[in-house]
Every structure is written in C-alpha cells, then in structure tokens.
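These notes are about the structure you will find just below.
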Amino acid sequence: MRAGYDLRLVPVMLVVVGLFGLGLGAALLESVEAMGGDAAGSTLDHYRAIAIDREFHAALGLTIWVAAASTAISLVGGVGAALVLRRLTRGRPVAYAFLQIPLAVPHLAIAVGLLTFASPGGWVSRLAFTVGLISAPAEFPALVYDSYGMGIILAYVMKEVPFLAVVATALLLRLDDDHTAVARTLGASRWQRFRHVTWPMIAPGVGSAALLVFAFVFAAFDTPYVLGRPYPAMLSVVAQRRFLSLELADRPGAMAFALVMTMLAGTLVWAYMRLSGGSAGRERPVIY
Amino acid sequence: MLRVTALGALGGLAAGPLVLLAVTSVAHHWYWPALVPPQWSLRAWAYLATPGAGVIEAAATSAILGTVVAGTAVAMALPAARALAARHVRGRRVVLFGLLLPVLAPPLAAAMGLHSVFLRLGLTDSHLGVALVHLVPAVPYATLVLAGSVANFDTDLEAQARTLGARPAQVWWHVILPAVAPGLAVAGIFAFLISWSQYLLTLIVGGGRVLTLPLLLVGFVRGGDEAVGAALSLVFIAPPLVLFAGVARLLREFR
C-alpha cells in the first residue's frame, strides 16, 4: 500500500501543533524579545545570560544527578523485583497487586507522604531516636530539602521501581525458558544465567524504559517542588519560580530557561526513539 | 521464606506510606519522638468537611476537569490511534515524536507561551483555559496508550462486517467499539489521572484562581498543618486507587 497522510491524525495534531506547538512558539517569540524602554527588536541576550548563569549550572548539575541516580537505582530495583517475583509460585498475584499501588498514587502525593516519613521530625527519625541512633531531630541526616536531592531520588525510586518491575516482568513473560534451561544444563550459575542469557534478551526493552524514566525525571516538577530546597533547585523548579516572579522583566528569561530545558528533554526523547526503533511509545512512563 | 520477604517488602513499600498518612490524619499532639500518637482526633477530617476549607469545591472542580479532559482526550485519541496502528502511515515517526515530547517534557515552556496567548484571548484564570492546557499532556498520552491496544485489533474484522452488509455506524458500534473498549477505559483513566494530579499547568494558566485539589494540597503542606495535609492527601489519592483497582484486570492484558 502506498504511504499517505492520514486524516484521522488531525484532531490529535490540533492539540500537538495547535496548543503545544503554539505555546512553544509563543514562548520562543517572547524569549527573544528585547526588554527595557522602547527598544524593539529581538535579542539572544536571555540565552547568553543562561549560559553564564550560576543558578542554571547548579540546577543542571542537580537535575542530571537526580535523574541518573533515580534511574540507576530504579533499574536495579525494578529488574531485581521482577526476577524475584518470577520465582514466586503462590502469592504472585498479590505481589503484582502491591506493585500497582505506587503506580496509582500521584507523584505529588508520594512526595507529601515522604515529608511525613523522612523529614527530621518524621517517623524514621522517631524510630532512629527510639533505637538510640540519634538524640535530637537535628541529628537526623537531611533527606528532604537537602543539597543532593536525596528525598527527591527516594520519591522517584518508590514510583519508578514498580514501573520498571512491571516492564521487566512483561519482558520476562515473553521469554521462553528454553535458553535458561540449556544454560542450566551446561552448568551455568544463577548469576551467569542472568548475566549471559536473561539480561541480553530483556536489556533493549528495559533500557528504553529506563531512558523514559530518565527523561521524565529530568523535566518533572512536582516532586522536586515539594521535596527540594530553593538552591540548588532542579531546572523545572527554577524555571517556574522565575516565571511566577513578580518582575515582569523576568518573563522572557524564564521562557528562555524553560525552552532550553525543553530542548534538552527533546534530545532525550529523540535518543529514546533511536534506541527503541519501531517499538517507540510502547512503554509509557507514569507521568502523574 | 522468599515469598514472605518479597511480599513483606513490597507490601510495606506500597501500603506503609498510606498507613502513615492515615495515622497522621487522625493524630493529635503527636510530637517528636513519639512513635505512636498519644491522642486521636478527627479534627483534620472535620475541617476538610467545613465549607470554608474549600476542599469540596476543589474536589468537584478537579473531578469535572478530569472528566471533561478524559472524554475529550479519548475521543481525539481513538481515530489517531487507529491511524498509528497502521505502520505505513507517512510521517509516523514525526507524529510519535510530537506525541512523546509533551508527555515526557512536562509542557512547562509551552504552558508559559500559552499563558501569553490565553491572556489575549481572555482564557487565563478560567476553567476552559485550564482544561485546554491539561489536554496538552493528556491527549498524546491517551493516544499512545490506545495505539498500543489498537495495534492488536484485526482490521479484517471490519472488512468482513462490511462484506456482510453492515453500515459504517454498525461496524463502529458492533465491531470496533467492543474490541477497543478496554483500551478506551484505560486511556480514559490515565487521561483523567493526568488532569486530576496536575499542579504546575493549573497554576500557570489558572493563576491560582482555578482551585483544584493539588493546589489546595500543596498550600496545606506549605502551611505546615500535618494532619490536614495528610487527610487531604488521602482524599487526593483515593480516586486514583479506586480507578486503578477498577482497571487492574484490563491493565494486565496491556502491559
């Protein structure tokens, strides 16, 4: 059949181009607006300012660190959980039901729950006092509002471990057991069977899902907004703060900031599409 | 042994935070370092129910917004998903990129630009404006979800129905809709949840005038009343949990 444009895509494209594209375009126009008096015309000053902006560098560093750490921990935890769950005979349905709970709970609620749990006055700190590890709330290590985004990473891990576990489980179910059985007959240990047989077969799918997690964490807002500190803050938090600042002159700079972030996220989406080839879009991150 | 450990760890991870929130919401004078609240109180829950707290209106606003966004998203997504299921569609990769970008890069920059456009159209601080900006992530997401389930649908069935004399409307009603109904339900629920939990886009376009549950929740958390924050969190979490439980069976078929 000859390839052709499909009119059934029009309604969705109205949203993608007519709202998303329109918004990006408007932001782009405003981000190159020369501000101050009647000096009309366009300028790249706001982008130049970002390039030498200390706060941008700090935010980029923290963002990459949080996204990388969350992804790495979730990847290990998710694949590990999937492997353990596969070996369960009874109780597997219950385990899968447990996995769905964090997937259903919005990021915002997880972040709020973590405040109650891991803040210096929270429950873990009380437990640490009870068993004699600390003697005052101030001695509890900073897990929320800390400079390294520990609380943010913890919140993402709680949400993304189940996501990657579900993805890995689906991939494991599609594998046939013959290969592992052969490897076992040949005397391969459990680790060798995972390293040389199972992992190579699930790696492409799990890898592209992990890239989705990285891209999502890179640009997401709610979790760092609740659990992060003002400086260094993650990129999305800085962009939002500048946009909502009362100084009207900050608006173009905020738009430039958000656009730079969108471009970086776009590069990640492009990389994901390259990596996953024809199956792009089959795994979807949990974005609420 | 493995089963007990695995289920215990998972259950603790999944249910622990919920239990802690529930306990916090009814705790009274629960100061550090008490592990268990010394007194119990329904103060926070009673407060949420008072009209002045604005929780009931915010919940209604969130529910209506979510329903409208989900309905619109699914209606737009279904034709597109059917088109994307056919792999020979021209520009498929460009379309996919256009769908993934607003999903993965929360449309912060786009929302800022839309704020300027909506200012001119008088759509800022309005429910319509907020619903429109919620569509930006919800429609692409619903399309991706549906494309996954529609891909398994055998279009030969439609051809057979037509050969047997079915009119287009009959083909839709008797052949296509029953086959894609589970996918529609899942896509609709995801679209609802995206709108339901949306904080940033509501704040940017709604300007704080359109009050939804997430806005209220962040306000209370910042305000520092832990019991009220915990109770409100549970109100915020309950609908997603119920909806997820409702489609859990469908989800298993998809993933």
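Residues are named by chain letter and number: chains run A, B, ... in the order of the structure tokens, numbers start at 1 in each chain, and ligands are numbered from 1 in the order shown.
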Residue contacts of segment 78-94 of chain A (6 Å, only C-alpha atoms) excluding same-chain residues fewer than 2 positions away, as an mmCIF file with N, CA and C atoms, in the first residue's frame:
data_model
loop_
_atom_site.group_PDB
_atom_site.id
_atom_site.type_symbol
_atom_site.label_atom_id
_atom_site.label_comp_id
_atom_site.auth_asym_id
_atom_site.auth_seq_id
_atom_site.Cartn_x
_atom_site.Cartn_y
_atom_site.Cartn_z
ATOM 1 N N SER A 74 16.348 2.667 40.314
ATOM 2 C CA SER A 74 15.076 2.065 39.902
ATOM 3 C C SER A 74 15.297 0.894 38.950
ATOM 4 N N LEU A 75 16.340 1.029 38.105
ATOM 5 C CA LEU A 75 16.628 -0.039 37.154
ATOM 6 C C LEU A 75 17.036 -1.309 37.888
ATOM 7 N N VAL A 76 17.986 -1.158 38.811
ATOM 8 C CA VAL A 76 18.437 -2.328 39.575
ATOM 9 C C VAL A 76 17.275 -2.892 40.397
ATOM 10 N N TYR A 96 1.824 -8.638 42.466
ATOM 11 C CA TYR A 96 1.547 -7.726 41.352
ATOM 12 C C TYR A 96 0.549 -6.655 41.769
ATOM 13 N N ALA A 97 -0.412 -7.032 42.613
ATOM 14 C CA ALA A 97 -1.373 -6.042 43.092
ATOM 15 C C ALA A 97 -0.662 -4.972 43.922
ATOM 16 N N VAL A 161 10.522 2.150 40.609
ATOM 17 C CA VAL A 161 10.845 0.728 40.772
ATOM 18 C C VAL A 161 9.653 -0.131 40.333
ATOM 19 N N LEU A 164 9.430 -0.007 36.430
ATOM 20 C CA LEU A 164 10.399 -0.831 35.710
ATOM 21 C C LEU A 164 10.193 -2.311 36.024
ATOM 22 N N ALA A 165 9.684 -2.614 37.223
ATOM 23 C CA ALA A 165 9.390 -4.012 37.552
ATOM 24 C C ALA A 165 8.282 -4.547 36.641
ATOM 25 N N ALA A 168 9.789 -5.000 33.163
ATOM 26 C CA ALA A 168 10.682 -6.164 33.125
ATOM 27 C C ALA A 168 9.885 -7.466 33.230
ATOM 28 N N THR A 169 8.830 -7.451 34.051
ATOM 29 C CA THR A 169 8.001 -8.647 34.177
ATOM 30 C C THR A 169 7.368 -9.013 32.842
#
Counting only C-alpha atoms, collect the residues of chain A whose closest atom lies at most 7 Å from chain B, and write them out as a VMD selection string.
chain A and resid 3 to 6 8 to 9 11 to 12 15 to 16 19 to 20 23 to 24 26 to 27 88 95 98 101 to 102 104 to 106 109 113 121 123 126 to 127 129 170 215 to 216 219 to 220 255 258 to 259 262 265 to 266 269 281 to 282 288
Restrict the selected residues to N, CA and C atoms and save them as a short mmCIF file (atom, residue, chain, number, x, y, z; two decimals), in the first residue's frame.
data_model
loop_
_atom_site.label_atom_id
_atom_site.label_comp_id
_atom_site.auth_asym_id
_atom_site.auth_seq_id
_atom_site.Cartn_x
_atom_site.Cartn_y
_atom_site.Cartn_z
N ALA A 3 2.15 4.85 0.91
CA ALA A 3 2.07 5.63 2.14
C ALA A 3 1.31 6.92 1.88
N GLY A 4 0.50 7.35 2.83
CA GLY A 4 -0.23 8.59 2.65
C GLY A 4 -0.49 9.24 3.97
N TYR A 5 -0.82 10.52 3.93
CA TYR A 5 -1.19 11.19 5.18
C TYR A 5 -2.55 10.70 5.62
N ASP A 6 -2.75 10.65 6.91
CA ASP A 6 -3.99 10.07 7.43
C ASP A 6 -4.78 11.14 8.17
N ARG A 8 -7.15 10.88 10.09
CA ARG A 8 -7.57 10.54 11.44
C ARG A 8 -6.61 11.11 12.49
N LEU A 9 -5.44 11.57 12.03
CA LEU A 9 -4.49 12.15 12.98
C LEU A 9 -4.79 13.61 13.27
N PRO A 11 -7.34 15.49 14.67
CA PRO A 11 -7.71 16.02 16.00
C PRO A 11 -6.54 16.05 16.98
N VAL A 12 -5.77 14.97 17.00
CA VAL A 12 -4.64 14.93 17.92
C VAL A 12 -3.58 15.97 17.54
N VAL A 15 -4.09 19.37 18.87
CA VAL A 15 -3.58 19.60 20.23
C VAL A 15 -2.07 19.74 20.20
N VAL A 16 -1.39 18.81 19.49
CA VAL A 16 0.07 18.81 19.49
C VAL A 16 0.61 20.09 18.83
N LEU A 19 -1.94 23.58 20.23
CA LEU A 19 -1.77 24.02 21.63
C LEU A 19 -0.31 23.94 22.06
N PHE A 20 0.27 22.72 21.98
CA PHE A 20 1.66 22.53 22.40
C PHE A 20 2.60 23.37 21.53
N GLY A 23 2.09 27.10 21.99
CA GLY A 23 2.68 27.54 23.25
C GLY A 23 4.19 27.68 23.13
N LEU A 24 4.83 26.66 22.52
CA LEU A 24 6.29 26.73 22.35
C LEU A 24 6.66 27.92 21.48
N ALA A 26 5.00 30.72 20.98
CA ALA A 26 4.78 31.98 21.71
C ALA A 26 5.91 32.20 22.72
N ALA A 27 6.30 31.09 23.39
CA ALA A 27 7.39 31.21 24.36
C ALA A 27 8.69 31.61 23.66
N LEU A 88 8.33 -16.55 42.52
CA LEU A 88 7.25 -16.86 43.44
C LEU A 88 6.27 -17.80 42.76
N ALA A 95 1.50 -10.00 44.90
CA ALA A 95 2.68 -9.16 44.69
C ALA A 95 2.43 -8.17 43.56
N PHE A 98 0.29 -5.41 44.78
CA PHE A 98 1.08 -4.44 45.57
C PHE A 98 1.84 -3.49 44.64
N ILE A 101 -0.03 -0.40 43.39
CA ILE A 101 -0.44 0.70 44.29
C ILE A 101 0.42 1.95 44.08
N PRO A 102 1.77 1.85 44.14
CA PRO A 102 2.55 3.07 43.91
C PRO A 102 2.33 3.63 42.50
N ALA A 104 -0.45 3.84 41.05
CA ALA A 104 -1.70 4.59 41.04
C ALA A 104 -1.58 5.91 41.80
N VAL A 105 -0.65 5.96 42.77
CA VAL A 105 -0.56 7.16 43.61
C VAL A 105 0.22 8.25 42.88
N PRO A 106 -0.36 9.46 42.73
CA PRO A 106 0.34 10.53 42.03
C PRO A 106 1.67 10.91 42.70
N ALA A 109 1.48 13.14 45.72
CA ALA A 109 1.09 12.52 46.99
C ALA A 109 2.26 11.73 47.59
N GLY A 113 3.75 12.34 51.24
CA GLY A 113 3.88 11.24 52.18
C GLY A 113 5.31 11.11 52.68
N GLY A 121 11.60 15.63 61.58
CA GLY A 121 10.59 15.36 62.60
C GLY A 121 9.72 14.17 62.26
N TRP A 123 8.74 10.09 60.83
CA TRP A 123 8.62 8.83 61.54
C TRP A 123 9.94 8.06 61.61
N ARG A 126 11.97 9.44 64.32
CA ARG A 126 11.48 9.00 65.64
C ARG A 126 11.97 7.57 65.93
N LEU A 127 11.93 6.76 64.88
CA LEU A 127 12.39 5.38 65.03
C LEU A 127 13.88 5.36 65.37
N PHE A 129 15.52 7.61 66.95
CA PHE A 129 15.66 8.01 68.35
C PHE A 129 15.34 6.83 69.27
N ALA A 170 6.85 -8.00 32.15
CA ALA A 170 6.22 -8.25 30.85
C ALA A 170 7.25 -8.84 29.88
N ALA A 215 14.27 10.64 31.20
CA ALA A 215 13.72 11.83 30.54
C ALA A 215 12.61 12.44 31.39
N PHE A 216 11.78 11.57 31.98
CA PHE A 216 10.68 12.09 32.80
C PHE A 216 11.21 12.82 34.03
N ALA A 219 12.71 16.39 33.58
CA ALA A 219 11.89 17.59 33.37
C ALA A 219 10.71 17.70 34.33
N ALA A 220 10.50 16.70 35.19
CA ALA A 220 9.31 16.73 36.05
C ALA A 220 9.41 17.80 37.13
N MET A 255 11.15 32.14 30.08
CA MET A 255 10.75 31.38 28.89
C MET A 255 11.98 30.76 28.23
N ALA A 258 12.99 27.81 30.28
CA ALA A 258 12.12 26.64 30.07
C ALA A 258 12.35 26.02 28.69
N LEU A 259 12.65 26.87 27.70
CA LEU A 259 12.87 26.35 26.35
C LEU A 259 14.17 25.56 26.27
N THR A 262 13.36 22.31 27.64
CA THR A 262 12.57 21.51 26.69
C THR A 262 13.46 20.93 25.60
N ALA A 265 15.28 18.01 27.02
CA ALA A 265 14.35 16.89 27.13
C ALA A 265 14.03 16.32 25.75
N GLY A 266 13.91 17.21 24.76
CA GLY A 266 13.65 16.75 23.40
C GLY A 266 14.78 15.87 22.88
N VAL A 269 14.19 12.49 24.28
CA VAL A 269 13.10 11.80 23.59
C VAL A 269 13.61 11.26 22.25
N GLY A 281 7.24 4.25 22.03
CA GLY A 281 5.92 4.62 22.53
C GLY A 281 5.17 3.45 23.12
N ARG A 282 5.77 2.25 23.08
CA ARG A 282 5.04 1.11 23.64
C ARG A 282 5.06 1.11 25.16
N TYR A 288 1.89 10.99 36.14
CA TYR A 288 1.10 11.82 37.06
C TYR A 288 1.56 11.57 38.48
#
Which polymer residues have any atom within 12 Å of an atom of Arg184 of chain A, counting only C-alpha atoms, with same-chain residues fewer than 5 positions away left out, as a ChimeraX atom specification?
/A:177-179,189-194,196-197
Those residues you just picked out, can you put them in a file as a PDB file, in the first residue's frame with N, CA and C atoms?
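Okay, this is what ended up in out_38.pdb:
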ATOM      1  N   ASP A 177      11.638 -20.217  28.281  1.00  0.00           N
ATOM      2  CA  ASP A 177      12.564 -20.679  29.307  1.00  0.00           C
ATOM      3  C   ASP A 177      13.641 -21.617  28.763  1.00  0.00           C
ATOM      4  N   ASP A 178      13.529 -21.983  27.483  1.00  0.00           N
ATOM      5  CA  ASP A 178      14.457 -22.978  26.947  1.00  0.00           C
ATOM      6  C   ASP A 178      15.916 -22.551  27.085  1.00  0.00           C
ATOM      7  N   HIS A 179      16.177 -21.262  26.770  1.00  0.00           N
ATOM      8  CA  HIS A 179      17.555 -20.793  26.800  1.00  0.00           C
ATOM      9  C   HIS A 179      18.168 -20.948  28.186  1.00  0.00           C
ATOM     10  N   SER A 189      25.781 -20.867  36.554  1.00  0.00           N
ATOM     11  CA  SER A 189      25.212 -20.491  37.850  1.00  0.00           C
ATOM     12  C   SER A 189      24.046 -19.544  37.625  1.00  0.00           C
ATOM     13  N   ARG A 190      23.330 -19.245  38.711  1.00  0.00           N
ATOM     14  CA  ARG A 190      22.177 -18.357  38.582  1.00  0.00           C
ATOM     15  C   ARG A 190      22.597 -17.001  38.046  1.00  0.00           C
ATOM     16  N   TRP A 191      23.716 -16.465  38.588  1.00  0.00           N
ATOM     17  CA  TRP A 191      24.208 -15.160  38.132  1.00  0.00           C
ATOM     18  C   TRP A 191      24.616 -15.217  36.659  1.00  0.00           C
ATOM     19  N   GLN A 192      25.321 -16.326  36.275  1.00  0.00           N
ATOM     20  CA  GLN A 192      25.752 -16.465  34.870  1.00  0.00           C
ATOM     21  C   GLN A 192      24.551 -16.547  33.937  1.00  0.00           C
ATOM     22  N   ARG A 193      23.513 -17.265  34.397  1.00  0.00           N
ATOM     23  CA  ARG A 193      22.323 -17.372  33.550  1.00  0.00           C
ATOM     24  C   ARG A 193      21.684 -16.000  33.354  1.00  0.00           C
ATOM     25  N   PHE A 194      21.672 -15.178  34.433  1.00  0.00           N
ATOM     26  CA  PHE A 194      21.104 -13.837  34.293  1.00  0.00           C
ATOM     27  C   PHE A 194      21.983 -12.975  33.394  1.00  0.00           C
ATOM     28  N   HIS A 196      24.352 -13.675  31.162  1.00  0.00           N
ATOM     29  CA  HIS A 196      24.635 -14.024  29.767  1.00  0.00           C
ATOM     30  C   HIS A 196      23.417 -14.465  28.976  1.00  0.00           C
ATOM     31  N   VAL A 197      22.311 -14.799  29.649  1.00  0.00           N
ATOM     32  CA  VAL A 197      21.142 -15.274  28.909  1.00  0.00           C
ATOM     33  C   VAL A 197      19.959 -14.323  29.064  1.00  0.00           C
TER      34      VAL A 197
END
Tell me, which residues of segment 44-153 of chain A carry DSSP alpha helix (DSSP H), written as a ChimeraX atom specification?
/A:45-51,54-87,92-104,107-118,123-130,150-153
A:Ile64, A:Leu108, A:Val166, A:Ala183 ranked by distance to Pro224 of chain A, top pick (using only C-alpha atoms)
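Checking each candidate against Pro224 of chain A, we get A:Leu108 as the closest.
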Nearby residues (only C-alpha atoms) at most 10 Å from Ala138 of chain A, same-chain spacing under 2 positions excluded, as number ranges by chain:
A: 120-121, 125, 134-136, 140-142
To one decimal place, how far is atom CA of Thr267 of chain A from atom CA of Val213 of chain A in Å?
14.1 Å
